[in-house]
Every structure is written in C-alpha cells, then in structure tokens.
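Trainee: Structure: run01.txt, compact mmCIF, C-alpha atoms and all ligand atoms.
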```
# COMPACT_ATOMS: atom_id res chain seq x y z
CA MET Q 1466 52.23 12.25 17.16
CA LYS Q 1467 48.63 12.39 18.44
CA HIS Q 1468 45.58 11.18 16.54
CA PHE Q 1469 41.96 12.03 17.18
CA GLY Q 1470 38.65 10.41 16.43
CA ILE Q 1471 35.40 12.33 16.15
CA TYR Q 1472 32.30 10.16 16.38
CA GLY Q 1473 28.83 11.22 15.36
CA TYR Q 1474 26.88 12.25 12.29
CA GLY Q 1475 24.58 14.82 10.85
CA PHE Q 1476 26.90 17.76 11.43
CA PRO Q 1477 28.97 19.62 8.83
CA VAL Q 1478 32.23 17.73 8.73
CA ASP Q 1479 35.14 19.67 7.41
CA GLU Q 1480 38.16 21.63 8.46
CA HIS Q 1481 35.99 24.68 9.20
CA TRP Q 1482 34.00 22.71 11.71
CA LEU Q 1483 37.23 21.78 13.46
CA LYS Q 1484 38.05 25.47 13.88
CA ASN Q 1485 34.93 25.83 16.02
CA PRO Q 1486 36.29 27.04 19.41
CA VAL Q 1487 34.00 24.66 21.33
CA VAL Q 1488 35.49 21.70 19.50
CA LYS Q 1489 39.05 22.94 19.81
CA ASN Q 1490 38.68 23.73 23.50
CA SER Q 1491 37.34 20.28 24.22
CA ILE Q 1492 40.72 18.78 23.40
CA LEU Q 1493 43.74 20.75 24.34
CA GLU Q 1494 46.04 19.19 21.77
CA LEU Q 1495 43.72 20.20 18.92
CA GLN Q 1496 44.45 23.86 19.67
CA ASN Q 1497 48.08 23.41 18.71
CA LEU Q 1498 47.47 21.76 15.37
CA PRO Q 1499 47.66 23.89 12.21
CA LEU Q 1500 44.24 22.64 11.10
CA GLY Q 1501 43.97 25.17 8.28
CA GLU Q 1502 46.76 23.38 6.42
CA ALA Q 1503 45.32 19.93 6.78
CA ALA Q 1504 44.69 17.70 3.80
CA VAL Q 1505 41.06 16.64 3.74
CA PHE Q 1506 39.84 13.28 2.51
CA SER Q 1507 36.06 13.45 2.26
CA GLU Q 1508 33.13 12.90 -0.06
CA LYS Q 1509 32.78 16.68 -0.40
CA VAL Q 1510 36.37 17.12 -1.57
CA LEU Q 1511 35.93 14.25 -4.00
CA ALA Q 1512 32.76 15.85 -5.37
CA ARG Q 1513 34.75 19.04 -6.01
CA PHE Q 1514 37.33 17.13 -8.05
CA ILE Q 1515 34.62 15.36 -10.02
CA GLU Q 1516 33.03 18.71 -10.83
CA GLU Q 1517 36.42 20.07 -11.91
CA ASP Q 1518 36.93 16.99 -14.08
CA GLN Q 1519 33.54 17.53 -15.73
CA ARG Q 1520 34.08 21.22 -16.32
CA HIS Q 1521 37.64 21.05 -17.68
CA GLY Q 1522 37.66 17.54 -19.09
CA ASN Q 1523 40.47 16.47 -16.77
CA SER Q 1524 41.23 16.30 -13.08
CA ARG Q 1525 44.35 16.93 -11.03
CA LEU Q 1526 43.67 13.55 -9.46
CA LEU Q 1527 44.36 11.62 -12.61
CA ASP Q 1528 47.33 11.27 -14.91
CA ALA Q 1529 46.51 12.26 -18.45
CA GLY Q 1530 44.13 9.70 -19.88
CA ASN Q 1531 40.81 9.68 -21.57
CA ARG Q 1532 38.66 8.25 -18.79
CA SER Q 1533 36.59 10.61 -16.75
CA LEU Q 1534 36.77 10.46 -12.97
CA ARG Q 1535 33.02 9.86 -12.89
CA SER Q 1536 33.37 6.52 -14.67
CA PHE Q 1537 35.59 5.16 -11.86
CA SER Q 1538 33.82 3.01 -9.30
CA SER Q 1539 33.20 4.68 -5.94
CA GLY Q 1540 36.01 2.76 -4.28
CA GLU Q 1541 38.44 3.55 -7.10
CA LYS Q 1542 37.67 7.28 -6.81
CA ARG Q 1543 38.52 7.25 -3.10
CA LYS Q 1544 41.82 5.50 -3.69
CA VAL Q 1545 42.77 8.05 -6.35
CA LEU Q 1546 41.97 10.95 -3.99
CA LEU Q 1547 43.96 9.51 -1.10
CA ASN Q 1548 47.01 8.93 -3.32
CA TYR Q 1549 46.79 12.52 -4.53
CA LEU Q 1550 46.59 13.89 -0.96
CA LEU Q 1551 49.52 11.79 0.22
CA GLN Q 1552 51.70 13.13 -2.58
CA GLN Q 1553 51.40 16.55 -0.89
CA ASN Q 1554 53.02 15.20 2.33
CA PRO Q 1555 50.55 16.90 4.69
CA ASP Q 1556 51.29 17.37 8.42
CA ILE Q 1557 47.66 16.70 9.25
CA LEU Q 1558 45.29 14.46 7.43
CA ILE Q 1559 41.57 14.73 8.12
CA VAL Q 1560 39.76 11.61 7.00
CA ASP Q 1561 35.98 11.76 6.94
CA SER Q 1562 34.37 8.29 7.01
CA PRO Q 1563 37.23 6.89 4.95
CA PHE Q 1564 35.82 3.37 4.75
CA ASP Q 1565 32.40 4.20 3.37
CA ASN Q 1566 32.00 2.55 -0.02
CA LEU Q 1567 35.14 0.47 0.40
CA ASP Q 1568 35.19 -3.32 0.31
CA ARG Q 1569 36.73 -5.31 3.13
CA GLN Q 1570 40.09 -5.85 1.45
CA SER Q 1571 40.38 -2.16 0.56
CA VAL Q 1572 39.46 -1.25 4.15
CA GLU Q 1573 42.27 -3.43 5.45
CA GLU Q 1574 44.72 -1.96 2.91
CA LEU Q 1575 43.66 1.59 3.78
CA LYS Q 1576 44.03 0.87 7.50
CA ILE Q 1577 47.63 -0.24 6.90
CA THR Q 1578 48.30 2.86 4.76
CA LEU Q 1579 46.82 5.14 7.44
CA LYS Q 1580 48.89 3.41 10.11
CA ASP Q 1581 52.04 4.11 8.08
CA ILE Q 1582 51.01 7.71 7.50
CA SER Q 1583 50.28 8.15 11.21
CA LYS Q 1584 53.98 7.83 12.01
CA GLY Q 1585 54.69 11.23 10.48
CA THR Q 1586 51.26 12.84 10.14
CA SER Q 1587 48.58 13.63 12.67
CA ILE Q 1588 45.33 11.97 11.70
CA ILE Q 1589 41.88 13.22 12.59
CA GLN Q 1590 39.27 10.62 11.80
CA PHE Q 1591 35.58 11.41 11.58
CA PHE Q 1592 33.59 8.21 11.86
CA LYS Q 1593 30.02 7.05 12.20
CA ARG Q 1594 30.35 3.29 12.52
CA LYS Q 1595 32.12 2.21 15.69
CA GLU Q 1596 33.84 -0.71 13.95
CA ASP Q 1597 35.62 1.85 11.73
CA LEU Q 1598 37.63 3.43 14.56
CA LEU Q 1599 41.34 3.26 13.69
CA PRO Q 1600 43.43 1.57 16.38
CA ILE Q 1601 46.02 4.37 16.17
CA ILE Q 1602 43.53 6.96 17.50
CA ASP Q 1603 44.41 8.26 20.99
CA LYS Q 1604 41.30 10.21 21.91
CA VAL Q 1605 37.70 10.13 20.74
CA ILE Q 1606 35.27 13.03 20.93
CA ARG Q 1607 31.62 12.12 20.77
CA ILE Q 1608 29.20 14.47 19.07
CA GLU Q 1609 25.59 14.32 20.15
CA ASN Q 1610 22.91 16.49 18.59
CA GLU Q 1611 25.63 18.60 16.99
CA LYS Q 1612 27.13 19.35 20.40
CA ILE Q 1613 30.33 18.12 21.96
CA GLY Q 1614 29.66 15.17 24.21
CA LYS Q 1615 32.12 13.07 26.13
CA VAL Q 1616 35.86 12.90 25.39
CA TYR Q 1617 37.26 9.38 25.76
CA THR Q 1618 40.47 7.47 25.44
CA THR Q 1619 40.11 4.90 22.66
CA GLU Q 1620 39.90 2.08 25.23
CA GLU Q 1621 37.10 3.85 27.11
CA PHE Q 1622 35.20 4.43 23.87
CA ILE Q 1623 35.46 0.78 22.82
CA ALA Q 1624 34.40 -0.43 26.27
CA GLU Q 1625 31.38 1.86 26.33
CA SER Q 1626 30.35 0.95 22.78
CA ALA Q 1627 30.39 -2.75 23.58
CA SER Q 1628 27.89 -2.26 26.39
CA GLU Q 1629 25.52 -0.04 24.39
CA GLU Q 1630 22.32 -1.64 23.23
CA ILE Q 1631 20.42 -0.37 20.23
CA ARG Q 1632 16.66 -0.72 20.37
CA ASP Q 1633 14.06 0.03 17.77
CA GLN Q 1634 10.34 -0.53 17.50
CA LEU Q 1635 8.77 -1.01 14.14
CA LYS Q 1636 5.18 -1.34 13.09
CA SER Q 1637 3.84 -3.33 10.16
CA ILE Q 1638 4.22 -1.93 6.66
CA PRO Q 1639 1.08 -0.57 4.95
CA PRO Q 1640 -0.65 -2.74 2.33
CA ALA Q 1641 -0.16 -2.55 -1.42
CA PRO Q 1642 -2.34 0.09 -3.13
CA GLY Q 1643 -3.13 -2.25 -6.01
CA GLU Q 1644 -1.89 -5.28 -7.83
CA PHE Q 1645 0.72 -5.48 -10.56
CA LYS Q 1646 -0.81 -7.61 -13.30
CA ASN Q 1647 0.90 -10.25 -15.46
CA ILE Q 1648 4.09 -10.42 -13.48
CA PRO Q 1649 5.90 -13.71 -14.21
CA LYS Q 1650 7.62 -15.74 -11.48
CA SER Q 1651 11.03 -14.88 -12.87
CA LEU Q 1652 11.54 -11.13 -12.32
CA MET Q 1653 15.11 -10.77 -13.45
CA LYS Q 1654 17.35 -13.18 -15.24
CA LEU Q 1655 20.90 -12.77 -16.47
CA GLU Q 1656 22.06 -15.62 -18.67
CA ASP Q 1657 25.77 -15.89 -19.34
CA VAL Q 1658 26.14 -12.12 -19.38
CA SER Q 1659 29.57 -10.65 -20.10
CA VAL Q 1660 30.50 -6.97 -20.13
CA LYS Q 1661 33.69 -5.26 -21.28
CA TYR Q 1662 34.74 -1.63 -21.14
CA GLU Q 1663 37.30 -0.77 -23.79
CA ASP Q 1664 38.43 -4.39 -24.04
CA ARG Q 1665 38.73 -4.66 -20.26
CA PRO Q 1666 36.50 -7.51 -19.10
CA ILE Q 1667 34.32 -6.49 -16.14
CA LEU Q 1668 31.72 -9.26 -15.91
CA THR Q 1669 32.16 -12.77 -17.27
CA ASN Q 1670 29.43 -15.34 -17.82
CA ILE Q 1671 27.16 -14.00 -15.11
CA SER Q 1672 24.03 -16.08 -14.58
CA TRP Q 1673 21.58 -14.97 -11.92
CA GLU Q 1674 17.83 -15.24 -11.54
CA VAL Q 1675 15.63 -13.44 -9.03
CA ILE Q 1676 12.23 -15.00 -8.39
CA LYS Q 1677 9.12 -13.30 -6.93
CA GLY Q 1678 9.44 -12.53 -3.23
CA GLU Q 1679 13.11 -13.49 -2.85
CA PHE Q 1680 15.45 -11.41 -0.69
CA TRP Q 1681 18.96 -11.12 -2.17
CA LYS Q 1682 22.13 -9.47 -1.05
CA LEU Q 1683 24.55 -8.45 -3.85
CA THR Q 1684 28.15 -7.91 -2.80
CA GLY Q 1685 31.57 -7.69 -4.40
CA PRO Q 1686 34.74 -5.67 -3.96
CA ASN Q 1687 35.18 -2.20 -5.41
CA GLY Q 1688 35.10 -2.20 -9.18
CA SER Q 1689 33.74 -5.79 -9.38
CA GLY Q 1690 30.70 -4.67 -11.38
CA LYS Q 1691 27.78 -4.28 -8.92
CA THR Q 1692 26.74 -0.90 -10.32
CA THR Q 1693 27.18 -2.24 -13.84
CA ILE Q 1694 24.70 -5.06 -13.09
CA LEU Q 1695 22.24 -2.64 -11.49
CA SER Q 1696 22.47 -0.29 -14.46
CA MET Q 1697 21.61 -3.17 -16.78
CA ILE Q 1698 18.53 -3.98 -14.72
CA TYR Q 1699 17.27 -0.56 -13.71
CA GLY Q 1700 19.10 1.89 -15.94
CA ASP Q 1701 19.63 2.10 -19.64
CA ASN Q 1702 23.19 0.80 -19.82
CA PRO Q 1703 23.66 -0.02 -23.53
CA LYS Q 1704 25.79 -3.01 -22.47
CA ALA Q 1705 22.53 -4.78 -21.60
CA TYR Q 1706 21.42 -4.92 -25.22
CA GLY Q 1707 22.69 -7.90 -27.12
CA GLU Q 1708 23.16 -9.80 -23.85
CA ASN Q 1709 20.67 -12.21 -22.33
CA VAL Q 1710 19.15 -9.83 -19.82
CA PHE Q 1711 15.50 -10.66 -19.08
CA LEU Q 1712 13.24 -8.41 -17.03
CA PHE Q 1713 9.73 -9.47 -16.11
CA GLY Q 1714 9.84 -12.13 -18.78
CA ASN Q 1715 11.00 -9.92 -21.66
CA ARG Q 1716 14.46 -9.69 -23.08
CA LYS Q 1717 15.79 -6.18 -22.42
CA GLY Q 1718 15.56 -4.06 -25.53
CA SER Q 1719 12.62 -6.02 -26.93
CA GLY Q 1720 9.11 -5.33 -25.76
CA GLU Q 1721 9.08 -2.98 -22.80
CA THR Q 1722 10.67 0.46 -22.64
CA VAL Q 1723 13.00 1.45 -19.81
CA TRP Q 1724 10.15 3.61 -18.47
CA GLU Q 1725 7.74 0.65 -18.36
CA ILE Q 1726 10.36 -1.49 -16.64
CA LYS Q 1727 11.04 1.21 -14.05
CA LYS Q 1728 7.35 1.31 -13.12
CA LYS Q 1729 7.70 -2.23 -11.76
CA ILE Q 1730 10.86 -1.51 -9.79
CA GLY Q 1731 11.26 0.45 -6.59
CA TYR Q 1732 14.72 1.94 -6.45
CA PHE Q 1733 16.86 3.59 -3.83
CA SER Q 1734 20.42 4.85 -4.06
CA PRO Q 1735 22.03 7.54 -1.87
CA ALA Q 1736 22.56 9.63 -5.01
CA LEU Q 1737 18.76 9.96 -5.30
CA THR Q 1738 18.71 12.38 -2.36
CA GLU Q 1739 20.59 14.91 -4.44
CA LEU Q 1740 17.92 14.89 -7.16
CA PHE Q 1741 15.32 16.38 -4.85
CA SER Q 1742 15.76 20.10 -4.73
CA ARG Q 1743 12.13 21.13 -4.91
CA ARG Q 1744 10.29 22.15 -1.81
CA ASN Q 1745 8.40 18.89 -1.44
CA THR Q 1746 7.31 17.78 2.02
CA ALA Q 1747 7.94 14.38 3.58
CA LEU Q 1748 4.35 13.36 2.79
CA GLU Q 1749 4.62 14.47 -0.86
CA MET Q 1750 7.89 12.61 -1.20
CA LEU Q 1751 6.19 9.35 -0.24
CA ILE Q 1752 3.26 10.00 -2.58
CA SER Q 1753 5.68 10.65 -5.47
CA GLY Q 1754 6.55 6.94 -5.30
CA LEU Q 1755 3.01 6.14 -6.38
CA VAL Q 1756 3.25 8.21 -9.54
CA ASP Q 1757 6.88 7.41 -10.44
CA SER Q 1758 8.07 10.99 -10.32
CA ILE Q 1759 10.97 12.63 -8.56
CA GLY Q 1760 9.09 15.06 -6.37
CA LEU Q 1761 5.34 15.63 -6.67
CA TYR Q 1762 3.89 17.68 -9.51
CA GLN Q 1763 0.23 16.77 -9.37
CA ARG Q 1764 -2.52 16.98 -6.78
CA PRO Q 1765 -2.70 13.66 -4.91
CA THR Q 1766 -5.96 11.82 -4.32
CA ASP Q 1767 -7.34 11.30 -0.79
CA LYS Q 1768 -6.43 7.63 -1.06
CA GLN Q 1769 -2.82 8.42 -1.91
CA VAL Q 1770 -2.57 10.85 1.01
CA ALA Q 1771 -4.05 8.27 3.41
CA LEU Q 1772 -1.58 5.60 2.29
CA ALA Q 1773 1.38 7.95 2.61
CA LYS Q 1774 0.25 8.86 6.14
CA GLN Q 1775 0.21 5.16 7.02
CA TRP Q 1776 3.81 4.95 5.81
CA LEU Q 1777 4.78 7.94 7.95
CA LYS Q 1778 3.41 6.00 10.93
CA THR Q 1779 5.42 2.89 10.05
CA LEU Q 1780 8.56 4.99 9.72
CA ASN Q 1781 7.85 6.79 13.03
CA LEU Q 1782 7.88 10.06 11.10
CA GLU Q 1783 4.31 11.28 11.58
CA HIS Q 1784 5.61 14.49 13.14
CA ARG Q 1785 7.53 15.23 9.92
CA GLN Q 1786 4.52 15.10 7.58
CA ASN Q 1787 4.69 18.73 6.45
CA LYS Q 1788 8.41 19.28 6.83
CA ILE Q 1789 10.51 19.99 3.75
CA PHE Q 1790 12.22 16.75 2.73
CA ILE Q 1791 15.63 18.16 1.84
CA LYS Q 1792 15.92 19.82 5.25
CA LEU Q 1793 15.40 16.62 7.21
CA PRO Q 1794 18.25 14.66 8.84
CA LEU Q 1795 19.95 12.07 6.63
CA LEU Q 1796 18.38 9.05 8.36
CA GLU Q 1797 14.87 10.44 7.94
CA GLN Q 1798 15.53 11.21 4.26
CA ARG Q 1799 16.72 7.63 3.78
CA LEU Q 1800 13.70 6.13 5.53
CA LEU Q 1801 11.39 8.26 3.41
CA LEU Q 1802 13.17 7.36 0.18
CA ILE Q 1803 12.95 3.66 0.99
CA GLY Q 1804 9.28 4.16 1.85
CA ARG Q 1805 8.87 6.03 -1.44
CA ALA Q 1806 10.46 3.14 -3.36
CA MET Q 1807 8.25 0.59 -1.58
CA ILE Q 1808 4.91 2.41 -1.29
CA LYS Q 1809 3.50 0.82 -4.46
CA HIS Q 1810 4.79 -2.65 -3.43
CA PRO Q 1811 6.77 -3.07 -6.64
CA PRO Q 1812 7.51 -6.63 -7.75
CA LEU Q 1813 11.22 -5.78 -7.42
CA LEU Q 1814 12.84 -3.43 -4.90
CA ILE Q 1815 16.49 -2.45 -5.45
CA LEU Q 1816 18.35 -0.83 -2.55
CA ASP Q 1817 21.84 0.32 -3.46
CA GLU Q 1818 24.06 1.01 -0.41
CA PRO Q 1819 21.21 2.23 1.83
CA THR Q 1820 23.36 2.47 4.97
CA THR Q 1821 26.23 4.50 3.48
CA ALA Q 1822 27.24 7.49 5.62
CA LEU Q 1823 24.93 6.51 8.48
CA ASP Q 1824 25.92 5.86 12.08
CA ASP Q 1825 25.38 2.50 13.79
CA GLU Q 1826 21.98 3.28 15.23
CA SER Q 1827 20.65 4.77 12.01
CA ALA Q 1828 22.01 1.85 9.96
CA MET Q 1829 20.25 -0.56 12.27
CA LYS Q 1830 16.96 1.27 11.74
CA ILE Q 1831 17.36 0.98 7.97
CA ILE Q 1832 18.24 -2.73 8.21
CA ASN Q 1833 15.20 -3.40 10.41
CA LEU Q 1834 12.96 -1.64 7.91
CA ILE Q 1835 14.37 -3.66 5.02
CA ASN Q 1836 13.94 -6.95 6.90
CA LEU Q 1837 10.37 -5.95 7.65
CA ILE Q 1838 9.65 -5.09 4.00
CA ALA Q 1839 11.09 -8.42 2.85
CA ALA Q 1840 9.14 -10.37 5.47
CA GLU Q 1841 5.76 -8.62 5.07
CA SER Q 1842 5.51 -8.11 1.31
CA ASN Q 1843 5.65 -10.09 -1.91
CA SER Q 1844 8.30 -7.78 -3.32
CA ALA Q 1845 11.65 -9.32 -4.19
CA VAL Q 1846 14.49 -7.31 -2.67
CA ILE Q 1847 18.03 -6.81 -3.98
CA TYR Q 1848 20.21 -5.21 -1.33
CA VAL Q 1849 23.63 -4.00 -2.48
CA SER Q 1850 26.37 -3.28 0.00
CA HIS Q 1851 30.00 -3.69 0.97
CA ARG Q 1852 29.37 -3.87 4.64
CA LYS Q 1853 28.49 -7.01 6.43
CA GLU Q 1854 25.39 -5.64 8.10
CA LYS Q 1855 24.90 -7.86 11.10
CA GLY Q 1856 21.12 -7.81 11.33
CA LEU Q 1857 20.30 -8.21 7.63
CA LYS Q 1858 18.37 -11.41 6.89
CA PRO Q 1859 18.54 -12.13 3.15
CA ASP Q 1860 17.57 -15.51 1.70
CA PHE Q 1861 20.39 -15.54 -0.83
CA HIS Q 1862 23.72 -13.93 -1.50
CA PHE Q 1863 25.09 -13.15 -4.97
CA GLU Q 1864 28.78 -12.42 -4.71
CA LEU Q 1865 30.93 -11.01 -7.50
CA ILE Q 1866 34.43 -12.43 -7.43
CA PRO Q 1867 36.94 -10.54 -9.58
CA SER Q 1868 39.38 -12.33 -11.88
CA ASP Q 1869 41.61 -11.33 -14.81
CA LYS Q 1870 38.80 -12.32 -17.12
CA GLY Q 1871 36.22 -10.17 -15.30
CA SER Q 1872 34.09 -10.92 -12.26
CA VAL Q 1873 32.33 -14.23 -11.92
CA GLY Q 1874 29.28 -14.81 -9.71
CA LYS Q 1875 28.89 -17.07 -6.70
CA ILE Q 1876 25.49 -17.88 -5.23
CA GLU Q 1877 24.85 -18.86 -1.63
CA ALA Q 1878 21.61 -19.56 0.19
CA SER Q 1879 21.78 -18.17 3.67
CA GLY Q 1880 19.25 -20.50 5.22
CA LEU Q 1881 18.08 -17.64 7.42
CA ARG Q 1882 14.56 -17.76 6.05
CA SER Q 1883 12.61 -20.67 4.77
CA GLY Q 1884 11.31 -20.68 1.23
N1 LIG K 1901 31.93 4.02 -18.66
C1 LIG K 1901 32.97 3.30 -18.24
N2 LIG K 1901 34.11 3.28 -18.95
C2 LIG K 1901 35.16 2.52 -18.54
N3 LIG K 1901 35.17 1.76 -17.42
C3 LIG K 1901 34.06 1.78 -16.67
C4 LIG K 1901 32.90 2.53 -17.04
N4 LIG K 1901 31.95 2.32 -16.09
C5 LIG K 1901 32.48 1.46 -15.19
N5 LIG K 1901 33.76 1.14 -15.53
C6 LIG K 1901 34.64 0.21 -14.79
O1 LIG K 1901 33.96 -1.01 -14.62
C7 LIG K 1901 34.34 -1.60 -13.36
C8 LIG K 1901 33.08 -1.96 -12.58
O2 LIG K 1901 32.50 -0.74 -12.13
P1 LIG K 1901 31.23 -0.73 -11.17
O3 LIG K 1901 30.95 0.70 -10.88
O4 LIG K 1901 30.16 -1.57 -11.75
O5 LIG K 1901 31.83 -1.45 -9.87
P2 LIG K 1901 31.21 -1.59 -8.42
O6 LIG K 1901 31.29 -3.03 -8.04
O7 LIG K 1901 29.86 -0.96 -8.38
O8 LIG K 1901 32.26 -0.76 -7.56
P3 LIG K 1901 32.10 0.11 -6.22
O9 LIG K 1901 31.76 -0.83 -5.14
O10 LIG K 1901 33.46 0.68 -6.01
O11 LIG K 1901 31.05 1.15 -6.49
C9 LIG K 1901 35.24 -0.59 -12.65
O12 LIG K 1901 36.58 -0.96 -12.82
C10 LIG K 1901 34.95 0.69 -13.39
O13 LIG K 1901 36.08 1.54 -13.37
```
Turn the structure described in the file into structure tokens.
Ligand SMILES: Nc1ncnc2c1ncn2[C@@H]1O[C@H](COP(=O)(O)OP(=O)(O)OP(=O)(O)O)[C@@H](O)[C@H]1O
Mentor:
Amino acid sequence: MKHFGIYGYGFPVDEHWLKNPVVKNSILELQNLPLGEAAVFSEKVLARFIEEDQRHGNSRLLDAGNRSLRSFSSGEKRKVLLNYLLQQNPDILIVDSPFDNLDRQSVEELKITLKDISKGTSIIQFFKRKEDLLPIIDKVIRIENEKIGKVYTTEEFIAESASEEIRDQLKSIPPAPGEFKNIPKSLMKLEDVSVKYEDRPILTNISWEVIKGEFWKLTGPNGSGKTTILSMIYGDNPKAYGENVFLFGNRKGSGETVWEIKKKIGYFSPALTELFSRRNTALEMLISGLVDSIGLYQRPTDKQVALAKQWLKTLNLEHRQNKIFIKLPLLEQRLLLIGRAMIKHPPLLILDEPTTALDDESAMKIINLINLIAAESNSAVIYVSHRKEKGLKPDFHFELIPSDKGSVGKIEASGLRSG
C-alpha cells in the first residue's frame, strides 16, 4: 500500500485536482489509483455537510439528535466527518490538512487512526505545515506556484525542510489615527464565569483579566470553550448576561451596547474572509477597519487613504493597493484583515486562529506581524490557537483545561517580555 503527500498551498485541493494529468504523471503510482472513488476529508466537504444540515435540519454525519452540526466545535466537526468517511470503507482516503483546528491530543489520536487505516487504504495527504507530514507517507510532491515541483522520498523531504531557512523583513507599524478616550486599565475581566449548554458544563469558575497592552495566548483542546469565551467578549452570546463579564469597565449587558463594545475591539477570525463578497480593493479593505464596516460603503477621507497606504507598506503589499481583496492569495487576505483589525489601534485586538490553513512560511509572516503589533502598540492582544507557534512571543498564556465539571483556566506568565 503506497501513501502520498502533497505539500503546498493556495491551489484548489480536491479529487479533481488530483486528476490533473500533470500531477498524475509526476508520480507513476498515482496513475493506477481509482482517485474518483476516493473518500475526501476536507474543509470543503465539511462545509457541504453543514449546509445540508442547515437546509434539511439534519445531517448524514450525525445520528438523530437535536443539535445542529454548526454548534459543534471545529475539532468535533472534523472527528464526526472522519468517522462517517471511515464507515464507508474507502480504498483511498484523501485528507486535506487534517490537523488544522485540532488540538495536540486529537492530532496524536488522528495520527494513530490514520496509521491504522493506512494498512488497508491508500492515503493521500495534502499538507501545508511540514510538521504535519504523516510518517507513513512514502513520497512527497511539492507544489510551487501552483505547479508541480520536486518529488521526494519522505526522508529527502524532511532533510531538505530541516535545512530551509525562512526569512522575513518587516517595517514598523503605522501610528494610531486617534486616541480612544476613557479606557480603563482593565479591558476585559471574567470573574468566576461558568457556562452550561443544556446542562452540560462547558466553563467552570473562569477568572481572567486582560490589562492594557498585555499580549495573551489563549489555548485549550477542541471543545474546551475558547470560542465560547470569545463570543462572550466580542459577540452577543446570551450566556454572558447574568455572569460577571466586564468589558472596558462595564458589566456586559449594562451600559454599553454590543456595537459600542465592538468599536473598541479589533477582531480577526478566518471566517471573516467569507463575509467579504463585494468588490472592495485591498486599500478599501484596510480603510473599512477605521469605520467598523465589513467592506467600504462611504468615500474615505485623504487622511484615511494615507494611513491605509502606510499599512500596505508595512505589510509589503503596496503593489496590491487596487487589487480586489477576495481574489488575493490567502496569506495576503490574512495580512490585510489583521491590518484592518489593527488600523485604528483598538485597545483590544482579538486574533482567532490566524495561521489556520497557511503554510510554514506564511504562518511565520503572520506571527512576525503579530509580535510587531504587540511590541509597537498599546493594544492588548489575545491570540487564540491550537498550534504551538514557535516564534510567537506572548507575555501570558491562558489555558483551558477540560474536566467533567467544565473547563477550568490556568494562567502562566511566559517571561518572554518584561512588563
Ligand atoms: N449552541 C450550542 N449548543 C450546545 N453545545 C454547544 C453550543 N455551542 C457550543 N457548544 C459546545 O460547547 C463546547 C465548547 O465549544 P467551543 O466552540 O467554545 O470550543 P472550542 O474550544 O472553541 O473548540 P475548537 O477548538 O474545536 O473550536 C463544545 O463541546 C461545543 O460542542
């Protein structure tokens, strides 16, 4: 049984792509595989099931029950899809970035499952992070600029990766366009917060305070409640009301509206990319962060344009100024969306899984930008991720640790920065 790895990103990854004669001809063994019958484990396939679930009120992925697939955490959804695919006993399993959005323990479990499956099923793994390469893979094809690059044995690929150096040059971030007035020292405070869903405890006695200028990393395994916490801070999760959730000095639900709170928060999540369908340019996308809109609907001032141009320079994207945002490569969209979230220098910047679906080099560029933002601004940063991103330099780490009674929080100071 042979297994193949395909390394790269930014190209359409699915079974159709594998039928491309250039790809097939690059590896002889691929020609003999009945790729059309392969089971496909990918974000796209998952999205199709979620849509089906929403349209018909149930999904083939789930046993009868009253919970919608959408309400599952991202890791839980992936597990459900893989179980469903394995029930079909496929001869070939195509796995596209299977470890994205999975916590370390789930990654290890999935690796063991895939190893077992590999005894009777040919696996084709698409991957973007070199550390994700499955040890069972025999050959790796590298994709560069959407073209077939080198074909390696796994050992050759690992050896070459170890010697590769990733370099990046970054400039300073542009200044704040103005000052946020009356912002207290304590930006966000959770005091003994507990959340249950249908009697199932999710968070238990969570206490966490984020002070002006601090750089936090928020981690926790799949389903531990990270998104739930974010939705209490940034969103309008009704679970926040009645709990001691304080934002910018006010208890949530008293005083400020969600809209007023959002004005003081810069927010990025990969899902945001999907909200932009209008024909806004890269420059307009950055400016939209100054007026808190998704896309730009009003004529910007000269000052706003000048500031956005400065950001394009910082992001090394000056040449993209008038390009349509949604047509840009994923990394450039991410850089612009982080720039958009930061352009007003909000007191609090929330970055939810900013490196998801990126390759090593692109992830490093995002991490460098985030470190730069934290170092050069007064904004507090909350960075949410499963991955241990090597270069990230947070001051503190808030970790959610699951238990039968719901997740509890653990705080660690990293000692990487002073203050
Ligand atoms: N509306 C809901 N109804 C029932 N359960 C829910 C609902 N929303 C979330 N949950 C459950 O709450 C738990 C925490 O979910 P949450 O999305 O906050 O986890 P997470 O840490 O962000 O996970 P992941 O890393 O996988 O995205 C999960 O078990 C999830 O299934």
Trainee: Considering all atoms listed in the file, can you say which of Q:Ser1583, Q:Ser1651, Q:Ser1844, Q:Asn1566 comes closest to Q:Gly1678?
Mentor: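 Among Q:Ser1583, Q:Ser1651, Q:Ser1844, Q:Asn1566, it is Q:Ser1844 that comes nearest to Q:Gly1678.
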Trainee: Please return as a count of residues only the residues found within 10 Å of ligand LIG 1901 (chain K), counting all atoms listed in the file.
Mentor: 53
Trainee: Looking at only C-alpha atoms, which of Q:Gly1614, Q:Pro1735, Q:Pro1859, Q:Pro1563 is the one that sits closest to Q:Leu1801?
Mentor: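 Closest to Q:Leu1801, using only C-alpha atoms: Q:Pro1735.
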Trainee: Would you pick out the contacts of Q:Leu1755 at 8 Å or less, using all atoms listed in the file, so that residues sharing its chain but fewer than 6 positions from it are not included, and give the list as a ChimeraX atom specification?
Mentor: /Q:1769,1805,1808-1809
Trainee: Write out as a PyMOL selection string which residues come within 10 Å of Q:Ile1835 when counting only C-alpha atoms, dropping same-chain ones fewer than 5 positions away.
Mentor: chain Q and resi 1680+1800+1803-1804+1807+1816+1819+1829-1830+1840-1841+1846+1848+1857-1859
Trainee: Using all atoms listed in the file, which residues of stretch 1556-1603 of chain Q come within 8 Å of stretch 1824-1827 of chain Q, and what is the closest atom pair for each, with the distance in Å to one decimal? Give it as CSV, sorted by chain and residue number.
Mentor:
```
residue,atom,partner,partner_atom,distance
Q:Lys1593,CA,Q:Asp1824,CA,4.3
Q:Arg1594,CA,Q:Asp1824,CA,5.1
Q:Lys1595,CA,Q:Asp1825,CA,7.0
```
Trainee: Calculate how many Å separate atom CA of Q:Gly1754 from atom CA of Q:Trp1681, rounding to one decimal.
Mentor: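 So the answer is 22.1 Å.
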Trainee: Quick one: everything within 12 Å of Q:Glu1749, counting only C-alpha atoms, minus sequence neighbours fewer than 6 positions away in the same chain. Send it as a ChimeraX atom specification.
Mentor: /Q:1741,1743,1755-1756,1758-1766,1769-1774,1776-1777,1785-1791,1801-1802,1804-1805
Trainee: Please put the answer as JSON: centre and edge lengths, in Å with one decimal, of a box along x, y and z that encloses all listed atoms of stretch 1727-1739 of chain Q plus 5 Å on each side.
Mentor:
```
{"center_x": 15.0, "center_y": 6.3, "center_z": -8.0, "size_x": 25.2, "size_y": 27.1, "size_z": 22.2}
```
Trainee: Determine, counting all atoms listed in the file, which protein, DNA and RNA residues have an atom within 9 Å of an atom of Q:Ser1637; residues of the same chain fewer than 3 positions away are not included. Present the result as a PyMOL selection string.
Mentor: chain Q and resi 1779+1837-1838+1841
